[in-house]
Amino acid sequence: MLVTPVRRVVEAGERDEEQRGRELSHAAAASLGGSLDVTETAEILVNLLVPDFADLATVDLADPVLVGDEPARLDASGDVRLRRTAAAQSPGISAEELLQVGEALPSVPDSRLMRPLMEGRPVVVSDVSVLSEALGVGADQIPLFVPRGAHSSVAVPLFARGLILGCLTVWRSQLPDEFSEDDAALLQDVVSRAALGVDNARRYTREHRSAVALQRSLLPHSTLNLTAAETSGIYQPASGGAGVGGDWFDVIPLSSSRVAFVVGDVVGHGLESTAAMARLRTAVRTLADLDLDPGELLTHLDDLVLGFSGEQMAVESRAEPSVLGATCLYAVYDPVTGECAAAAAGHPPPLVVPPGGEPVFVDVTPGPPLGVGGMPFEVSVFGVEPASVLAFFTDGLVESRGGDIEQGMERLRSALASADSARSLDEMSSGLINSLAPQQPADDVALLLARTKAIPSDHVAEWKLEADLSLVARARELVVGQLADWQLDELGFVTELVASELVTNAIRYAGGPVGLRLIRDRALVLEVSDPSSTLPRLRRARETDEGGRGLFLVAQLTDRWGSRFTSTGKTIWTEQPIGGPLG
């Protein structure tokens with residue numbers, strides 16, 4: 001049988017169309033679905049179709065999809081508002097009059113021509129004038145929807161998991177052939193892959209947004225202004241699929257106007273790391289309330305992490321415990337003495353920038369990461385001048401793939417050396433993140449900056465008393481006289497009574513010498529120190545008891561009270577507000 005030249009051309013054309021279809025399907029399978037960004041997935045789709053398949057392609061997505069939420073379902077009432085998310089056109093195609101990327105599509109009335117889109121089916125338009133009429137908009141709005149010179153169009157909904165996420169529209173103006181039903185079927189296959197990719201990216205966006213919100217809600221306020229220091233902290237999650245992790249920081253006000261700076265890092269990313277971080281931060285705050293020194297606090301925290309690992313082993317039925325990798329740095333700054341005590345569990349040391357001086361890394365004796373167990377954490381004490389800047393950070397700021405952490409720490413030191421000390425801490429922290437953190441960070445970053453303050457020496461008064469009960473009256477006189485010098489006579493009665501009770505108990509039960517100190521701050525702090533390591537316990541005395549009411553009385557008269565161990569014994573402290581009622 002003879003084959004005419006016309007038939008050969010037709011068959012060759014059909015084979016070419018089939019080949020182009022297979023190539024397009026293969027390219028779609030290879031490129032779509034690899035991104036976890038909604039907008040990037042839409043851009044991949046339009047660039048895949050232009051210029052070989054269409055002269056112009058646009059993707060319009062529902063507004064909720066762009067922020068990770070579900071759009072209205074097919075049976076839901078109300079309009080689905082779409083927004084132009086991606087567009088691509090062949091060279092020579094004019095698209096200035098069309099809706100631009102980022103603009104919302106105007107509402108159009110329901111029509112028989114466009115109704116299949118809401119049912120998840122494509123719409124093929126070979127007569128653009130029919131489409132213009134079906135849109136039901138004014139002549140001045142037609143150019144927003146229909147490109148000039150177009151002769152054929154196909155619209156395919158992005159339909160996935162029962163949701164209409166948006167719509168892909170392709171146009172031909174320079175390509176001579178009109179779109180056919182076979183083109184629509186091919187396009188529907190490609191768009192189905194894209195729709196799954198968009199929905200996966202939408203779900204990731206929602207989970208990432210929730211995880212970041214959870215992470216940020218667990219961190220303290222970014223800016224604090226305390227007696228001991230003003231602080232600014234910033235947290236930046238990792239990019240791509242890594243998302244949030246376990247990096248965190250905290251600023252904890254302590255007794256006697258001191259403050260604790262904490263920064264830590266839980267290995268890994270995702271909600272599990274965030275949850276582990278939340279448990280560690282809560283544990284640190286609880287232990288800090290006991291006024292433990294940094295080394296002892298990290299020892300207790302190390303035991304807790306070992307307990308967490310044991311719990312995880314029991315839940316997952318593992319033979320070997322799973323180690324929760326975590327690091328932590330805990331530092332306590334005293335604005336009265338100008339000293340800072342710090343201990344580290346596998347964490348980089350802080351950096352100190354004295355006023356007018358060069359930044360230096362503090363020589364903190366490194367300890368093992370949390371969860372190792374059986375190793376001590378040594379405390380390093382160093383002086384800090386007033387108005388110095390302390391920088392606490394996680395390794396995500398100074399470590400990068402293929403880079404050395406020492407080089408990253410040197411970059412941080414250089415950046416702080418060149419920073420303007422007159423700038424606010426918020427500006428400094430943002431500048432450091434922008435200059436040091438990668439554009440696409442593989443790890444999350446936590447940075448805490450603190451500018452230290454000092455309590456003036458004339459706002460502190462302290463005395464040493466021998467273990468002699470006759471000196472209790474002398475203690476009352478010293479307290480009343482100092483309050484008169486500070487013009488705080490209205491606090492004299494309560495402070496005299498509290499000092500008398502605490503000094504009496506110290507001399508009677510602990511011996512001497514007894515330290516007595518007053519600190520005038522936002523509150524009046526009274527401290528009594530003794531050589532005993534036995535902490536007092538608040539209890540309610542019975543009617544028949546001769547004693548036991550003193551500490552209860554102290555708790556009722558003061559705003560706050562507590563006790564802490566010291567290197568020579570213990571200190572009992574109380575606070576009273578200045579210039580206001582109790583509480």
# chains A, B, ... in the order shown; residues from 1 in each chain; ligands from 1

call {"tool": "closest_atom_pairs", "arguments": {"of": "range 434-534 of chain A", "to": "range 569-579 of chain A", "cutoff": "10 Å", "atoms": "only C-alpha atoms", "output": "JSON lines"}}
result
{"residue": "A:Leu488", "atom": "CA", "partner": "A:Ile578", "partner_atom": "CA", "distance": 8.1}
{"residue": "A:Glu490", "atom": "CA", "partner": "A:Gly579", "partner_atom": "CA", "distance": 9.0}
{"residue": "A:Leu491", "atom": "CA", "partner": "A:Ile578", "partner_atom": "CA", "distance": 8.1}
{"residue": "A:Val494", "atom": "CA", "partner": "A:Gln576", "partner_atom": "CA", "distance": 9.1}
{"residue": "A:Thr495", "atom": "CA", "partner": "A:Gln576", "partner_atom": "CA", "distance": 8.5}
{"residue": "A:Val498", "atom": "CA", "partner": "A:Thr574", "partner_atom": "CA", "distance": 8.5}
{"residue": "A:Ala499", "atom": "CA", "partner": "A:Thr574", "partner_atom": "CA", "distance": 9.6}
{"residue": "A:Leu502", "atom": "CA", "partner": "A:Ile572", "partner_atom": "CA", "distance": 7.9}
{"residue": "A:Val503", "atom": "CA", "partner": "A:Ile572", "partner_atom": "CA", "distance": 9.9}
{"residue": "A:Ala506", "atom": "CA", "partner": "A:Ile572", "partner_atom": "CA", "distance": 9.5}
{"residue": "A:Ala510", "atom": "CA", "partner": "A:Gly569", "partner_atom": "CA", "distance": 9.3}
{"residue": "A:Val514", "atom": "CA", "partner": "A:Thr571", "partner_atom": "CA", "distance": 9.7}
{"residue": "A:Gly515", "atom": "CA", "partner": "A:Thr571", "partner_atom": "CA", "distance": 8.6}
{"residue": "A:Leu516", "atom": "CA", "partner": "A:Thr571", "partner_atom": "CA", "distance": 9.5}
{"residue": "A:Arg517", "atom": "CA", "partner": "A:Trp573", "partner_atom": "CA", "distance": 9.2}
{"residue": "A:Leu518", "atom": "CA", "partner": "A:Trp573", "partner_atom": "CA", "distance": 9.7}
{"residue": "A:Ile519", "atom": "CA", "partner": "A:Glu575", "partner_atom": "CA", "distance": 9.5}
{"residue": "A:Arg520", "atom": "CA", "partner": "A:Ile578", "partner_atom": "CA", "distance": 8.8}
{"residue": "A:Asp521", "atom": "CA", "partner": "A:Ile578", "partner_atom": "CA", "distance": 8.3}
{"residue": "A:Arg522", "atom": "CA", "partner": "A:Ile578", "partner_atom": "CA", "distance": 6.5}
{"residue": "A:Ala523", "atom": "CA", "partner": "A:Pro577", "partner_atom": "CA", "distance": 4.5}
{"residue": "A:Leu524", "atom": "CA", "partner": "A:Gln576", "partner_atom": "CA", "distance": 5.1}
{"residue": "A:Val525", "atom": "CA", "partner": "A:Glu575", "partner_atom": "CA", "distance": 4.7}
{"residue": "A:Leu526", "atom": "CA", "partner": "A:Thr574", "partner_atom": "CA", "distance": 5.3}
{"residue": "A:Glu527", "atom": "CA", "partner": "A:Trp573", "partner_atom": "CA", "distance": 4.3}
{"residue": "A:Val528", "atom": "CA", "partner": "A:Ile572", "partner_atom": "CA", "distance": 5.3}
{"residue": "A:Ser529", "atom": "CA", "partner": "A:Thr571", "partner_atom": "CA", "distance": 4.2}
{"residue": "A:Asp530", "atom": "CA", "partner": "A:Lys570", "partner_atom": "CA", "distance": 5.9}
{"residue": "A:Pro531", "atom": "CA", "partner": "A:Gly569", "partner_atom": "CA", "distance": 4.1}
{"residue": "A:Ser532", "atom": "CA", "partner": "A:Gly569", "partner_atom": "CA", "distance": 4.8}
{"residue": "A:Ser533", "atom": "CA", "partner": "A:Gly569", "partner_atom": "CA", "distance": 4.8}
{"residue": "A:Thr534", "atom": "CA", "partner": "A:Lys570", "partner_atom": "CA", "distance": 7.6}

call {"tool": "residues_around", "arguments": {"residues": "range 419-423 of chain A", "least_positions_apart": "2", "cutoff": "12 Å", "atoms": "only C-alpha atoms", "output": "ChimeraX atom specification"}}
result
/A:353-359,387-389,412-417,425-432,435,451

call {"tool": "closest_residue", "arguments": {"among": "A:Ser210, A:Ser192, A:Thr58, A:Ser563", "to": "Ser25 in chain A", "atoms": "only C-alpha atoms"}}
result
A:Ser192

call {"tool": "residues_around", "arguments": {"residues": "range 277-290 of chain A", "least_positions_apart": "4", "cutoff": "7 Å", "atoms": "only C-alpha atoms", "output": "ChimeraX atom specification"}}
result
/A:218,246,266,273,297,564

call {"tool": "write_last_selection", "arguments": {"atoms": "all heavy atoms", "output": "mmCIF file, in the first residue's frame"}}
result
data_model
loop_
_atom_site.group_PDB
_atom_site.id
_atom_site.type_symbol
_atom_site.label_atom_id
_atom_site.label_comp_id
_atom_site.auth_asym_id
_atom_site.auth_seq_id
_atom_site.Cartn_x
_atom_site.Cartn_y
_atom_site.Cartn_z
ATOM 1 N N LEU A 218 8.374 30.401 72.813
ATOM 2 C CA LEU A 218 9.099 29.820 73.941
ATOM 3 C C LEU A 218 10.319 30.643 74.331
ATOM 4 O O LEU A 218 10.914 30.394 75.373
ATOM 5 C CB LEU A 218 9.540 28.395 73.591
ATOM 6 C CG LEU A 218 8.403 27.382 73.389
ATOM 7 C CD1 LEU A 218 8.954 26.070 72.868
ATOM 8 C CD2 LEU A 218 7.646 27.166 74.692
ATOM 9 N N GLY A 246 16.608 23.547 67.671
ATOM 10 C CA GLY A 246 16.605 23.652 69.118
ATOM 11 C C GLY A 246 17.480 24.757 69.670
ATOM 12 O O GLY A 246 17.828 24.734 70.843
ATOM 13 N N VAL A 266 19.973 22.443 70.903
ATOM 14 C CA VAL A 266 19.605 21.031 70.844
ATOM 15 C C VAL A 266 19.840 20.558 69.416
ATOM 16 O O VAL A 266 19.385 21.184 68.461
ATOM 17 C CB VAL A 266 18.134 20.810 71.241
ATOM 18 C CG1 VAL A 266 17.741 19.347 71.075
ATOM 19 C CG2 VAL A 266 17.911 21.255 72.677
ATOM 20 N N SER A 273 12.947 18.673 68.253
ATOM 21 C CA SER A 273 14.019 19.492 68.805
ATOM 22 C C SER A 273 13.454 20.702 69.536
ATOM 23 O O SER A 273 13.961 21.101 70.593
ATOM 24 C CB SER A 273 14.960 19.943 67.684
ATOM 25 O OG SER A 273 15.612 18.843 67.098
ATOM 26 N N LEU A 297 24.448 24.167 88.343
ATOM 27 C CA LEU A 297 23.232 24.173 87.530
ATOM 28 C C LEU A 297 23.395 23.264 86.312
ATOM 29 O O LEU A 297 22.490 22.480 85.987
ATOM 30 C CB LEU A 297 22.893 25.595 87.101
ATOM 31 C CG LEU A 297 21.595 25.769 86.305
ATOM 32 C CD1 LEU A 297 20.871 27.055 86.714
ATOM 33 C CD2 LEU A 297 21.851 25.802 84.800
ATOM 34 N N ARG A 564 20.214 31.551 99.026
ATOM 35 C CA ARG A 564 21.114 30.920 98.064
ATOM 36 C C ARG A 564 22.410 30.528 98.766
ATOM 37 O O ARG A 564 22.817 31.163 99.752
ATOM 38 C CB ARG A 564 21.420 31.861 96.903
ATOM 39 C CG ARG A 564 22.164 33.129 97.275
ATOM 40 C CD ARG A 564 22.474 33.968 96.035
ATOM 41 N NE ARG A 564 23.236 35.171 96.354
ATOM 42 C CZ ARG A 564 22.709 36.340 96.626
ATOM 43 N NH1 ARG A 564 21.380 36.491 96.618
ATOM 44 N NH2 ARG A 564 23.477 37.393 96.906
#

call {"tool": "select_by_dssp", "arguments": {"residues": "range 333-404 of chain A", "states": "strand (DSSP E or B)", "output": "list in words"}}
result
Tyr333, Asp334, Glu339, Cys340, Ala341, Ala342, Ala343, Ala344, Ala345, Leu351, Val352, Val353, Val360, Phe361, Pro366, Gly367, Leu370, Ser380, Val381, Phe382, Gly383, Val389, Leu390, Ala391, Phe392 and Phe393 of chain A

call {"tool": "residues_around", "arguments": {"residues": "Glu339 in chain A", "least_positions_apart": "6", "cutoff": "10 Å", "atoms": "only C-alpha atoms", "output": "JSON, numbers by chain"}}
result
{"A": [332, 333, 381, 382, 383, 384, 385]}

call {"tool": "residues_around", "arguments": {"residues": "Asp444 in chain A", "least_positions_apart": "6", "cutoff": "8 Å", "atoms": "only C-alpha atoms", "output": "number ranges by chain"}}
result
A: 235-238, 243-247, 396

call {"tool": "closest_residue", "arguments": {"among": "A:Gly149, A:Asp52, A:Pro176, A:Arg84", "to": "Glu23 in chain A", "atoms": "only C-alpha atoms"}}
result
A:Asp52

call {"tool": "atom_distance", "arguments": {"atom1": "CA of Val59 in chain A", "atom2": "CA of Val212 in chain A"}}
result
27.9 Å
